[in-house]
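Coordinates as given in start-v3.txt (compact mmCIF, C-alpha atoms):
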```txt
# COMPACT_ATOMS: atom_id res chain seq x y z
CA MET A 613 0.00 0.00 0.00
CA SER A 614 1.33 3.41 -0.92
CA ALA A 615 1.68 6.26 1.54
CA VAL A 616 -1.06 8.14 -0.29
CA SER A 617 -3.58 5.32 0.02
CA ALA A 618 -2.88 5.00 3.73
CA VAL A 619 -3.86 8.61 4.49
CA SER A 620 -7.44 9.84 4.68
CA PRO A 621 -8.54 13.05 2.91
CA GLY A 622 -8.34 14.90 6.22
CA GLY A 623 -4.69 13.94 6.59
CA ALA A 624 -5.17 11.34 9.36
CA ALA A 625 -3.40 8.04 8.83
CA ARG A 626 -5.66 5.04 8.36
CA PRO A 627 -4.72 1.56 9.51
CA PRO A 628 -3.76 -0.84 6.70
CA ALA A 629 -6.52 -3.00 5.21
CA TRP A 630 -5.16 -6.17 6.80
CA VAL A 631 -5.42 -4.55 10.24
CA ARG A 632 -9.06 -3.60 9.66
CA GLN A 633 -9.82 -7.11 8.43
CA ALA A 634 -8.10 -8.67 11.44
CA LEU A 635 -9.98 -6.62 14.03
CA PRO A 636 -13.15 -8.79 14.05
CA TRP A 637 -11.02 -11.91 14.49
CA LEU A 638 -9.08 -10.26 17.30
CA ALA A 639 -12.37 -9.37 18.95
CA ALA A 640 -13.51 -12.99 18.66
CA VAL A 641 -10.23 -14.23 20.18
CA ALA A 642 -10.60 -11.77 23.08
CA LEU A 643 -14.17 -12.89 23.74
CA PHE A 644 -13.16 -16.55 23.74
CA ALA A 645 -10.27 -15.79 26.06
CA TRP A 646 -12.78 -14.33 28.50
CA LEU A 647 -15.06 -17.35 28.08
CA LEU A 648 -12.27 -19.85 28.69
CA HIS A 649 -11.30 -17.91 31.80
CA ARG A 650 -14.88 -18.29 33.00
CA VAL A 651 -15.47 -21.87 31.79
CA PRO A 652 -12.84 -24.53 32.65
CA LEU A 653 -11.74 -26.64 29.69
CA ASP A 654 -12.43 -29.88 31.57
CA GLU A 655 -16.06 -28.82 32.08
CA LEU A 656 -16.37 -27.84 28.41
CA ARG A 657 -14.98 -31.21 27.26
CA ALA A 658 -17.43 -33.02 29.54
CA ALA A 659 -20.35 -30.97 28.18
CA LEU A 660 -19.31 -31.66 24.59
CA GLY A 661 -19.11 -35.36 25.43
CA HIS A 662 -22.81 -35.76 26.17
CA GLY A 663 -24.27 -33.48 23.53
CA SER A 664 -27.31 -34.38 21.38
CA TYR A 665 -25.45 -34.00 18.10
CA LEU A 666 -27.63 -35.82 15.57
CA PRO A 667 -30.97 -34.40 16.80
CA LEU A 668 -29.46 -30.90 16.81
CA LEU A 669 -28.00 -31.37 13.31
CA ALA A 670 -31.44 -32.30 11.97
CA TYR A 671 -33.08 -29.50 13.94
CA VAL A 672 -30.75 -26.82 12.55
CA LEU A 673 -31.72 -27.90 9.03
CA LEU A 674 -35.35 -27.48 10.05
CA GLU A 675 -34.51 -23.97 11.27
CA TYR A 676 -33.34 -22.96 7.80
CA VAL A 677 -36.22 -24.72 6.01
CA LEU A 678 -38.73 -22.76 8.10
CA THR A 679 -36.98 -19.39 8.17
CA LEU A 680 -36.02 -19.09 4.48
CA PRO A 681 -39.61 -18.56 3.21
CA ALA A 682 -40.33 -16.07 6.02
CA ASP A 683 -37.07 -14.26 5.22
CA ALA A 684 -37.86 -14.16 1.49
CA PHE A 685 -41.39 -12.82 2.10
CA ALA A 686 -40.14 -10.05 4.39
CA THR A 687 -37.37 -9.17 1.92
CA ARG A 688 -39.90 -8.95 -0.92
CA GLU A 689 -42.11 -6.59 1.10
CA ALA A 690 -39.22 -4.34 2.14
CA LEU A 691 -37.96 -4.08 -1.44
CA ALA A 692 -41.50 -3.32 -2.66
CA VAL A 693 -41.75 -0.48 -0.14
CA ALA A 694 -38.47 0.84 -1.58
CA GLY A 695 -39.93 0.70 -5.09
CA VAL A 696 -38.26 -2.55 -6.18
CA HIS A 697 -40.67 -5.35 -7.08
CA ARG A 698 -39.63 -9.00 -7.26
CA SER A 699 -41.65 -12.19 -6.97
CA PHE A 700 -41.61 -14.41 -3.90
CA THR A 701 -40.04 -17.28 -5.88
CA GLU A 702 -37.25 -15.02 -7.12
CA LEU A 703 -36.54 -13.85 -3.59
CA VAL A 704 -36.40 -17.41 -2.24
CA ARG A 705 -33.67 -18.26 -4.77
CA ALA A 706 -31.79 -14.99 -4.29
CA ARG A 707 -32.03 -15.01 -0.51
CA ALA A 708 -30.81 -18.60 -0.37
CA ALA A 709 -27.85 -17.71 -2.61
CA THR A 710 -26.89 -14.76 -0.41
CA TYR A 711 -26.68 -17.07 2.59
CA LEU A 712 -23.18 -17.78 1.28
CA LEU A 713 -22.29 -14.15 1.96
CA GLY A 714 -24.00 -14.56 5.32
CA LEU A 715 -21.14 -16.86 6.28
CA LEU A 716 -19.15 -13.62 6.59
CA SER A 717 -21.83 -11.46 8.21
CA TYR A 718 -25.54 -10.70 8.12
CA PHE A 719 -24.75 -7.32 6.56
CA ALA A 720 -22.86 -9.02 3.73
CA SER A 721 -25.88 -11.22 2.94
CA LEU A 722 -28.20 -8.21 2.70
CA GLY A 723 -25.59 -6.45 0.58
CA GLY A 724 -25.77 -9.43 -1.74
CA ILE A 725 -29.48 -8.76 -2.25
CA GLY A 726 -28.64 -5.15 -3.13
CA TRP A 727 -26.05 -6.31 -5.68
CA TRP A 728 -28.53 -8.79 -7.19
CA VAL A 729 -31.19 -6.09 -7.52
CA ALA A 730 -28.74 -3.57 -9.04
CA ARG A 731 -27.48 -6.24 -11.45
CA SER A 732 -31.01 -6.63 -12.82
CA GLY A 733 -31.16 -2.99 -13.86
CA VAL A 734 -32.26 -1.08 -10.76
CA ARG A 735 -30.27 2.10 -10.08
CA ALA A 736 -27.48 1.55 -7.57
CA GLY A 737 -28.80 4.29 -5.29
CA ARG A 738 -32.26 2.73 -5.09
CA ALA A 739 -30.84 -0.76 -4.61
CA THR A 740 -28.68 0.52 -1.76
CA GLY A 741 -31.65 2.34 -0.28
CA GLY A 742 -33.63 -0.89 -0.35
CA VAL A 743 -30.85 -2.63 1.59
CA LEU A 744 -30.80 0.21 4.14
CA LEU A 745 -34.57 -0.09 4.56
CA MET A 746 -34.17 -3.82 5.21
CA LEU A 747 -31.44 -3.20 7.77
CA VAL A 748 -33.51 -0.61 9.63
CA THR A 749 -36.79 -2.53 9.61
CA ASN A 750 -35.09 -5.82 10.50
CA GLY A 751 -33.63 -4.15 13.56
CA LEU A 752 -36.96 -2.56 14.46
CA ALA A 753 -38.73 -5.91 14.23
CA MET A 754 -36.15 -7.65 16.42
CA VAL A 755 -36.38 -4.92 19.07
CA LEU A 756 -40.16 -5.31 19.16
CA VAL A 757 -39.83 -9.09 19.57
CA ALA A 758 -37.41 -8.58 22.45
CA ALA A 759 -39.68 -5.94 24.01
CA VAL A 760 -42.51 -8.47 24.30
CA GLY A 761 -40.17 -10.48 26.51
CA LEU A 762 -40.44 -7.84 29.21
CA LEU A 763 -43.80 -9.42 30.01
CA ALA A 764 -41.96 -12.56 31.07
CA ASP A 765 -40.68 -13.23 34.58
CA LEU A 766 -36.96 -12.65 33.99
CA PRO A 767 -34.18 -12.77 36.58
CA PRO A 768 -33.47 -9.18 37.82
CA ASP A 769 -30.00 -8.92 36.23
CA ARG A 770 -31.29 -10.07 32.83
CA ARG A 771 -34.32 -7.78 33.05
CA GLU A 772 -32.05 -4.80 33.73
CA ILE A 773 -29.95 -5.61 30.65
CA LEU A 774 -33.08 -6.08 28.54
CA VAL A 775 -34.69 -2.84 29.74
CA LEU A 776 -31.49 -0.89 29.05
CA LEU A 777 -31.03 -2.32 25.55
CA ILE A 778 -34.68 -2.06 24.55
CA GLY A 779 -35.11 1.40 26.05
CA GLY A 780 -32.11 2.73 24.13
CA ALA A 781 -33.24 1.01 20.92
CA LEU A 782 -36.81 2.32 21.21
CA LEU A 783 -35.50 5.85 21.75
CA GLY A 784 -33.33 5.53 18.67
CA MET A 785 -36.29 4.16 16.70
CA ALA A 786 -38.47 7.09 17.73
CA LEU A 787 -35.84 9.65 16.74
CA TYR A 788 -35.28 7.92 13.40
CA LEU A 789 -39.00 7.85 12.58
CA ILE A 790 -39.33 11.52 13.53
CA VAL A 791 -36.61 12.33 10.99
CA ILE A 792 -38.38 10.19 8.37
CA ALA A 793 -41.74 11.84 9.07
CA ALA A 794 -40.18 15.32 8.95
CA ARG A 795 -38.60 14.53 5.54
CA VAL A 796 -35.45 16.51 6.28
CA ARG A 797 -34.68 18.00 2.87
CA TRP A 798 -30.91 17.71 2.80
CA LEU A 799 -31.11 14.03 3.80
CA ALA A 800 -34.04 13.12 1.54
CA GLY A 801 -32.10 14.50 -1.41
CA TRP A 802 -29.47 11.74 -1.20
CA SER A 803 -30.22 8.97 -3.71
CA VAL A 804 -29.40 6.17 -1.24
CA LEU A 805 -31.66 7.68 1.44
CA ALA A 806 -34.51 8.69 -0.87
CA PRO A 807 -36.24 5.26 -0.66
CA LEU A 808 -36.36 5.56 3.13
CA PHE A 809 -38.10 8.93 3.00
CA GLU A 810 -40.38 7.82 0.15
CA ALA A 811 -41.45 4.84 2.27
CA GLY A 812 -42.40 7.14 5.12
CA VAL A 813 -43.57 5.92 8.49
CA SER A 814 -46.36 3.81 6.94
CA GLY A 815 -43.93 2.07 4.60
CA HIS A 816 -41.60 1.31 7.49
CA ALA A 817 -44.56 -0.10 9.41
CA ARG A 818 -45.44 -2.37 6.47
CA ALA A 819 -41.87 -3.66 6.20
CA VAL A 820 -41.63 -4.22 9.97
CA ALA A 821 -44.96 -6.09 9.99
CA ALA A 822 -43.68 -8.35 7.22
CA ARG A 823 -40.39 -8.96 9.07
CA LEU A 824 -41.94 -9.73 12.47
CA PRO A 825 -42.93 -13.34 11.60
CA HIS A 826 -39.37 -14.03 10.44
CA MET A 827 -37.83 -12.65 13.62
CA LEU A 828 -40.36 -14.45 15.82
CA VAL A 829 -39.66 -17.73 14.05
CA LEU A 830 -35.91 -17.20 14.47
CA ALA A 831 -36.19 -16.53 18.19
CA VAL A 832 -38.61 -19.41 18.81
CA LEU A 833 -36.54 -21.89 16.80
CA HIS A 834 -33.38 -20.93 18.69
CA TRP A 835 -35.29 -21.50 21.94
CA GLY A 836 -36.24 -24.92 20.56
CA ALA A 837 -32.62 -25.69 19.74
CA PHE A 838 -31.71 -25.23 23.40
CA ARG A 839 -34.47 -27.69 24.31
CA VAL A 840 -33.13 -30.23 21.81
CA TRP A 841 -29.71 -29.98 23.45
CA GLY A 842 -31.30 -30.40 26.87
CA VAL A 843 -31.30 -26.85 28.23
CA ALA A 844 -34.86 -26.31 29.49
CA ILE A 845 -35.32 -22.55 29.12
CA PRO A 846 -38.88 -21.21 29.69
CA PHE A 847 -40.53 -20.12 26.45
CA LEU A 848 -41.09 -16.38 26.99
CA GLN A 849 -37.75 -15.84 28.73
CA GLY A 850 -35.91 -17.80 26.07
CA THR A 851 -37.44 -16.08 23.05
CA ALA A 852 -37.03 -12.61 24.56
CA LEU A 853 -33.38 -13.05 25.47
CA MET A 854 -32.67 -14.87 22.20
CA ALA A 855 -34.02 -11.87 20.30
CA VAL A 856 -31.39 -9.72 22.04
CA VAL A 857 -28.67 -12.25 21.19
CA LEU A 858 -29.70 -12.30 17.53
CA LEU A 859 -29.81 -8.51 17.36
CA ILE A 860 -26.36 -7.98 18.86
CA SER A 861 -24.67 -10.93 17.17
CA ALA A 862 -25.80 -9.59 13.77
CA LEU A 863 -23.59 -6.53 14.29
CA PRO A 864 -20.21 -6.79 12.50
CA ILE A 865 -18.24 -7.03 15.74
CA THR A 866 -16.87 -10.51 15.08
CA PRO A 867 -16.95 -12.82 12.02
CA ASN A 868 -20.51 -14.14 11.67
CA GLY A 869 -21.19 -13.51 15.36
CA LEU A 870 -18.50 -15.95 16.50
CA GLY A 871 -17.63 -15.11 20.09
CA THR A 872 -20.38 -12.53 20.49
CA THR A 873 -23.09 -15.19 20.30
CA GLN A 874 -21.30 -17.52 22.70
CA VAL A 875 -20.66 -14.84 25.34
CA LEU A 876 -24.25 -13.60 25.29
CA GLN A 877 -25.73 -17.09 25.43
CA VAL A 878 -23.50 -18.07 28.35
CA LEU A 879 -24.44 -14.89 30.22
CA PHE A 880 -28.17 -15.15 29.51
CA PHE A 881 -28.94 -18.88 29.60
CA SER A 882 -26.52 -20.62 31.98
CA ALA A 883 -28.96 -20.38 34.88
CA TRP A 884 -31.26 -22.90 33.15
CA ALA A 885 -28.56 -25.35 32.04
CA LYS A 886 -27.70 -28.73 33.52
CA GLY A 887 -24.87 -28.98 36.05
CA LEU A 888 -24.20 -28.87 39.76
CA THR A 889 -21.94 -25.80 39.60
CA PRO A 890 -22.09 -22.45 37.78
CA GLU A 891 -19.01 -23.53 35.77
CA ALA A 892 -20.69 -26.75 34.65
CA ARG A 893 -23.85 -24.92 33.63
CA ALA A 894 -21.86 -22.31 31.69
CA ALA A 895 -19.93 -25.13 29.99
CA ASP A 896 -23.18 -26.80 28.92
CA VAL A 897 -24.42 -23.60 27.27
CA LEU A 898 -21.03 -22.89 25.66
CA ALA A 899 -20.91 -26.44 24.26
CA PHE A 900 -24.39 -26.02 22.78
CA SER A 901 -23.53 -22.61 21.35
CA LEU A 902 -20.38 -23.84 19.61
CA VAL A 903 -22.05 -26.92 18.14
CA HIS A 904 -25.12 -24.98 17.02
CA TRP A 905 -22.90 -22.34 15.40
CA ALA A 906 -20.91 -25.01 13.53
CA PHE A 907 -24.04 -26.83 12.33
CA SER A 908 -25.52 -23.49 11.23
CA LEU A 909 -22.46 -22.81 9.08
CA LEU A 910 -22.75 -26.27 7.55
CA TRP A 911 -26.40 -25.96 6.54
CA GLN A 912 -26.12 -22.29 5.62
CA GLY A 913 -23.32 -23.11 3.21
CA ALA A 914 -25.24 -26.04 1.72
CA ILE A 915 -28.40 -23.97 1.24
CA GLY A 916 -26.34 -21.10 -0.14
CA PHE A 917 -24.70 -23.28 -2.81
CA ALA A 918 -28.06 -24.82 -3.72
CA GLY A 919 -29.65 -21.38 -3.97
CA LEU A 920 -26.78 -20.07 -6.11
CA ALA A 921 -27.10 -23.03 -8.48
CA LEU A 922 -30.85 -22.52 -8.82
CA LEU A 923 -30.42 -18.79 -9.32
CA ARG A 924 -27.84 -19.28 -12.08
CA ARG A 925 -29.98 -21.92 -13.78
CA HIS A 926 -33.01 -19.64 -13.73
CA GLU A 927 -31.04 -16.67 -15.08
CA ALA A 928 -29.52 -18.82 -17.83
CA ALA A 929 -32.97 -20.06 -18.84
CA ALA A 930 -34.31 -16.50 -18.87
CA GLU A 931 -31.41 -15.31 -21.07
CA LYS A 932 -32.01 -18.22 -23.43
CA GLU A 933 -35.69 -17.31 -23.77
CA GLU A 934 -34.82 -13.67 -24.49
CA ALA A 935 -32.36 -14.74 -27.17
```

Here is a file; write its structure as structure tokens.
Amino acid sequence: MSAVSAVSPGGAARPPAWVRQALPWLAAVALFAWLLHRVPLDELRAALGHGSYLPLLAYVLLEYVLTLPADAFATREALAVAGVHRSFTELVRARAATYLLGLLSYFASLGGIGWWVARSGVRAGRATGGVLLMLVTNGLAMVLVAAVGLLADLPPDRREILVLLIGGALLGMALYLIVIAARVRWLAGWSVLAPLFEAGVSGHARAVAARLPHMLVLAVLHWGAFRVWGVAIPFLQGTALMAVVLLISALPITPNGLGTTQVLQVLFFSAWAKGLTPEARAADVLAFSLVHWAFSLLWQGAIGFAGLALLRRHEAAAEKEEA
């Protein structure tokens, strides 16, 4: 890298690209270092030794089979609100294909949808705006799912965390929607933000309503995965706290939520795990979290390759018909 490329327009030096790329991995290593300080390796090995591997492997596949249609439907509605119309079948293929990018991060998978839309002739600004609308409304839907969990009887420490996170998120949501409703001229004039302002509050509400079933299914299925492993978490508490885990782990802090997910699940769910000691219970949750994460990568990659193959076959057939 040249000296020029390493300096920002304002004159401040930027870290090299390899440093920026390594930061998420360093964050994951730091989080696992904290976990292994909290959870003895002997306890973790013991927990991994009695895991329900085959039932969980089959269950994770079921998770993807059930969530993909809900994801595709919500994606179609959000894009329609942004002025981009695609059929449900098209979105199932495209969303499945972008699960490959989801192996890197959730943001990368949504970016893949934006690239696919732009590739089909939609202006780049509108395609990007559609992705931004999806990001915003996905977050809004997940916060609402987590907020319902406040009705559950949560342990005081977990309730405090949930109230703090949801309160801050709801405040941010309110401020954002006020800006959207006010149609701030200098923001609405940007091509990438124009779809957000065109959607208005009603369009955001439509996209959030379409996304809520997807987020609810995700949270409930993750609760079910704990039950398959043998961690008997109560339904309302489990879905509420899992919504928070999904929301935070989607942020690009670590690669594909590795480390972030495990820390949050150990903190939130260890009280309900099996084991005579706090260390044993934390080890049980950490073992589940690692195995579930690995199985998720396996099925996500398989579905992604299948979706990509179907998408390419469909596009090739369409090009042949046009010719």

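When only C-alpha atoms are used to compute distances to Leu782 of chain A, the closest of the residues A:Ala709, A:Leu805, A:Val796, A:Ala753 turns out to be A:Ala753.
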
| query | Do you know which residues lie at most 12 Å from (-34.2, -16.4, -3.0), with coordinates as in the file and all atoms listed in the file counted, and could you write them as number ranges by chain? | reply | A: 679-688, 698-712, 721-722, 724-725, 728-729, 915-924, 926

| query | When you draw a straight line from atom CA of Ala899 of chain A to atom CA of Ile845 of chain A, how long is it in Å? | reply | 15.7 Å

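When only C-alpha atoms are used to measure the gap to Asp769 of chain A, the shortest distance among A:Pro636, A:Phe880, A:Val641, A:Trp911 belongs to A:Phe880.
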
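The spacing separating atom CA of Leu902 of chain A from atom CA of Thr851 of chain A amounts to 19.1 Å.
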
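Of the listed residues (A:Ile792, A:Val755, A:Val875, A:Gly913), A:Val875 comes nearest to Ala645 of chain A; the distances count all atoms listed in the file.
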
| task | For Gly842 of chain A, work out the shell of residues within 12 Å, counting all atoms listed in the file and skipping chain neighbours fewer than 2 positions away, then give it as a ChimeraX atom specification. | result | /A:659,662-665,667-668,835-840,844-845,884-887,893,896-897,899-900

| request: Go through A:Ala906, A:Val693, A:Ala892, A:Leu669 and flag the residue nearest Asn868 of chain A, using all atoms listed in the file for the distances. | output: A:Ala906

Please identify all polymer residues lying at most 12 Å from the point (-11.4, -21.0, 25.6) (file coordinates), using all atoms listed in the file, and present the result as an mmCIF file with C-alpha atoms, in the frame of the given file.
```cif
data_model
loop_
_atom_site.group_PDB
_atom_site.id
_atom_site.type_symbol
_atom_site.label_atom_id
_atom_site.label_comp_id
_atom_site.auth_asym_id
_atom_site.auth_seq_id
_atom_site.Cartn_x
_atom_site.Cartn_y
_atom_site.Cartn_z
ATOM 1 C CA ALA A 640 -13.510 -12.990 18.660
ATOM 2 C CA VAL A 641 -10.230 -14.230 20.180
ATOM 3 C CA ALA A 642 -10.600 -11.770 23.080
ATOM 4 C CA LEU A 643 -14.170 -12.890 23.740
ATOM 5 C CA PHE A 644 -13.160 -16.550 23.740
ATOM 6 C CA ALA A 645 -10.270 -15.790 26.060
ATOM 7 C CA TRP A 646 -12.780 -14.330 28.500
ATOM 8 C CA LEU A 647 -15.060 -17.350 28.080
ATOM 9 C CA LEU A 648 -12.270 -19.850 28.690
ATOM 10 C CA HIS A 649 -11.300 -17.910 31.800
ATOM 11 C CA ARG A 650 -14.880 -18.290 33.000
ATOM 12 C CA VAL A 651 -15.470 -21.870 31.790
ATOM 13 C CA PRO A 652 -12.840 -24.530 32.650
ATOM 14 C CA LEU A 653 -11.740 -26.640 29.690
ATOM 15 C CA ASP A 654 -12.430 -29.880 31.570
ATOM 16 C CA GLU A 655 -16.060 -28.820 32.080
ATOM 17 C CA LEU A 656 -16.370 -27.840 28.410
ATOM 18 C CA ARG A 657 -14.980 -31.210 27.260
ATOM 19 C CA GLY A 871 -17.630 -15.110 20.090
ATOM 20 C CA GLN A 874 -21.300 -17.520 22.700
ATOM 21 C CA VAL A 875 -20.660 -14.840 25.340
ATOM 22 C CA ALA A 895 -19.930 -25.130 29.990
ATOM 23 C CA LEU A 898 -21.030 -22.890 25.660
ATOM 24 C CA ALA A 899 -20.910 -26.440 24.260
ATOM 25 C CA LEU A 902 -20.380 -23.840 19.610
#
```

| query | For the atom pair atom CA of Glu810 of chain A and atom CA of Ala862 of chain A, what is the interatomic distance in Å to one decimal place? | reply | 26.5 Å
